[in-house]
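**Student:** Supplied in structure tokens, the structure appears directly below.
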Amino acid sequence: MNVAVDGFGARVKTQDLPEVKKPSREEAEAAVRTLIAWAGDNPAREGLLDTPGRVTRAYEEFFEGYAADPLQELTRTFEEVEGYKDMVMLRDISLESHCEHHMVAILGKAHVAYVPTNKVVGISKLARVIEIYAKRLQTQETMTAQIADTINQALAPAGVAILIEAKHQCMTTRGIKKPDVATITTQFTGVFRDDPRMEARFMQMIRG
């Protein structure tokens, strides 16, 4: 699968890498059978016969973000907002992603806000941008920056704020095995970066 995308910095930049041809479904299912055998089980066992098909279908859901354009989600905007120029915030957006280092789950919540200048966007579209980036192999730091950059490019707001808090199964269920550790990443631009009062308001609103 070639995920090279031209354009702004929030997207994956792999122009210097060779294009990778996406394997067929049959090849993907064969790879799952190989992993089952490598794990020590028999892929021909009754309970595992349909597992390769289930896994490939699950992967289609887990990584559907590669087939979507997050910037496109923010193209329809609205200017009839009666001069509203304060914070627009979405809190507690459930987030499910996968660590690009171990391909295991990242589970958490995202909080995002922006201050419009002359246009706003449907709030569901902001959640959709987060979903698209989450449905890719990710690091939390990269995903946080990608979301903020996309909103900045599409809406040219006075500022964007995002905070993601998530638990990484590469840390909670393997390796060091610290199940209660959450990772927090933030990105502030514009007024949220330059005005400590705006950052404080954002953090206070997250706490409810």
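Letters for chains follow the order of the structure tokens (A, B, ...), residue numbers begin at 1 for each chain, and ligand numbers begin at 1 in the order shown.
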Could you please write out, as an mmCIF file with all heavy atoms, in the first residue's frame, every residue of range 145-179 of chain A that DSSP assigns to strand (DSSP E)?
**Tutor:**
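Generated file (part.cif):
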```cif
data_model
loop_
_atom_site.group_PDB
_atom_site.id
_atom_site.type_symbol
_atom_site.label_atom_id
_atom_site.label_comp_id
_atom_site.auth_asym_id
_atom_site.auth_seq_id
_atom_site.Cartn_x
_atom_site.Cartn_y
_atom_site.Cartn_z
ATOM 1 N N GLY A 159 -6.860 30.236 16.235
ATOM 2 C CA GLY A 159 -6.034 29.299 16.984
ATOM 3 C C GLY A 159 -6.693 27.941 17.083
ATOM 4 O O GLY A 159 -7.918 27.807 16.940
ATOM 5 N N VAL A 160 -5.873 26.944 17.303
ATOM 6 C CA VAL A 160 -6.341 25.562 17.475
ATOM 7 C C VAL A 160 -5.688 25.004 18.731
ATOM 8 O O VAL A 160 -4.518 25.276 19.022
ATOM 9 C CB VAL A 160 -5.957 24.678 16.266
ATOM 10 C CG1 VAL A 160 -6.317 23.214 16.523
ATOM 11 C CG2 VAL A 160 -6.642 25.166 15.009
ATOM 12 N N ALA A 161 -6.460 24.214 19.477
ATOM 13 C CA ALA A 161 -5.930 23.504 20.642
ATOM 14 C C ALA A 161 -6.392 22.057 20.575
ATOM 15 O O ALA A 161 -7.553 21.789 20.249
ATOM 16 C CB ALA A 161 -6.408 24.143 21.942
ATOM 17 N N ILE A 162 -5.490 21.146 20.847
ATOM 18 C CA ILE A 162 -5.853 19.742 20.904
ATOM 19 C C ILE A 162 -5.079 19.055 22.018
ATOM 20 O O ILE A 162 -3.895 19.343 22.236
ATOM 21 C CB ILE A 162 -5.626 19.021 19.549
ATOM 22 C CG1 ILE A 162 -6.022 17.542 19.663
ATOM 23 C CG2 ILE A 162 -4.214 19.187 19.044
ATOM 24 C CD1 ILE A 162 -6.138 16.827 18.347
ATOM 25 N N LEU A 163 -5.765 18.199 22.733
ATOM 26 C CA LEU A 163 -5.143 17.354 23.753
ATOM 27 C C LEU A 163 -5.648 15.942 23.555
ATOM 28 O O LEU A 163 -6.851 15.717 23.435
ATOM 29 C CB LEU A 163 -5.474 17.848 25.161
ATOM 30 C CG LEU A 163 -4.820 17.090 26.334
ATOM 31 C CD1 LEU A 163 -4.576 18.037 27.508
ATOM 32 C CD2 LEU A 163 -5.661 15.906 26.801
ATOM 33 N N ILE A 164 -4.709 15.006 23.490
ATOM 34 C CA ILE A 164 -5.053 13.584 23.393
ATOM 35 C C ILE A 164 -4.484 12.868 24.602
ATOM 36 O O ILE A 164 -3.310 13.044 24.941
ATOM 37 C CB ILE A 164 -4.507 12.955 22.092
ATOM 38 C CG1 ILE A 164 -5.178 13.595 20.870
ATOM 39 C CG2 ILE A 164 -4.721 11.440 22.092
ATOM 40 C CD1 ILE A 164 -4.643 13.094 19.548
ATOM 41 N N GLU A 165 -5.323 12.088 25.253
ATOM 42 C CA GLU A 165 -4.895 11.258 26.381
ATOM 43 C C GLU A 165 -5.249 9.817 26.049
ATOM 44 O O GLU A 165 -6.413 9.512 25.795
ATOM 45 C CB GLU A 165 -5.583 11.688 27.674
ATOM 46 C CG GLU A 165 -5.190 10.856 28.882
ATOM 47 C CD GLU A 165 -5.804 11.360 30.174
ATOM 48 O OE1 GLU A 165 -6.503 12.396 30.143
ATOM 49 O OE2 GLU A 165 -5.593 10.717 31.226
ATOM 50 N N ALA A 166 -4.242 8.949 26.027
ATOM 51 C CA ALA A 166 -4.490 7.579 25.576
ATOM 52 C C ALA A 166 -3.553 6.595 26.263
ATOM 53 O O ALA A 166 -2.464 6.954 26.716
ATOM 54 C CB ALA A 166 -4.320 7.485 24.060
ATOM 55 N N LYS A 167 -4.006 5.355 26.311
ATOM 56 C CA LYS A 167 -3.180 4.264 26.805
ATOM 57 C C LYS A 167 -2.747 3.409 25.618
ATOM 58 O O LYS A 167 -3.543 3.114 24.722
ATOM 59 C CB LYS A 167 -3.950 3.419 27.820
ATOM 60 C CG LYS A 167 -4.253 4.181 29.107
ATOM 61 C CD LYS A 167 -4.903 3.305 30.158
ATOM 62 C CE LYS A 167 -5.134 4.082 31.453
ATOM 63 N NZ LYS A 167 -5.745 3.251 32.518
ATOM 64 N N HIS A 168 -1.473 3.031 25.640
ATOM 65 C CA HIS A 168 -0.864 2.291 24.543
ATOM 66 C C HIS A 168 -0.640 0.843 24.971
ATOM 67 O O HIS A 168 0.090 0.585 25.933
ATOM 68 C CB HIS A 168 0.482 2.923 24.166
ATOM 69 C CG HIS A 168 0.369 4.313 23.624
ATOM 70 N ND1 HIS A 168 0.945 4.681 22.435
ATOM 71 C CD2 HIS A 168 -0.242 5.424 24.110
ATOM 72 C CE1 HIS A 168 0.692 5.970 22.211
ATOM 73 N NE2 HIS A 168 -0.022 6.435 23.218
#
```
**Student:** List the neighbours of Thr189 in chain A out to 10 Å using only C-alpha atoms; skip same-chain residues closer than 2 positions along the sequence, and give me the result as a list in words.
**Tutor:**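 Near neighbours after the sequence-gap exclusion: Tyr114, Ala148, Asp149, Asn152, Pro157, Ala158, Gly159, Val160, Ala161, Ile162, Gln187, Val191, Phe192, Arg193, Asp194, Asp195 and Glu199 of chain A.
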**Student:** Counting only C-alpha atoms, what are the residues of range 137-188 of chain A within 12 Å of range 61-71 of chain A, and for each of them which pair of atoms is the nearest and at what distance in Å, to one decimal? Sort the table by chain and rising number, as CSV.
**Tutor:**
```
residue,atom,partner,partner_atom,distance
A:Leu137,CA,A:Phe63,CA,7.3
A:Gln138,CA,A:Phe63,CA,10.3
A:Met143,CA,A:Gly65,CA,11.9
A:Gln146,CA,A:Pro70,CA,9.6
A:Ile147,CA,A:Pro70,CA,8.6
A:Ala148,CA,A:Leu71,CA,11.3
A:Asp149,CA,A:Leu71,CA,9.8
A:Thr150,CA,A:Leu71,CA,6.1
A:Ile151,CA,A:Leu71,CA,7.9
A:Asn152,CA,A:Leu71,CA,10.1
A:Gln153,CA,A:Leu71,CA,8.1
A:Ala154,CA,A:Leu71,CA,6.5
A:Leu155,CA,A:Leu71,CA,9.9
```
**Student:** If we count only C-alpha atoms and set the cut-off at 8 Å, which residues sit around range 23-40 of chain A, ignoring sequence neighbours fewer than 6 positions away in its own chain? Please answer as a list in words.
**Tutor:**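 Selected residues are Met1, Pro52, Gly53, Val55 and Thr56 of chain A.
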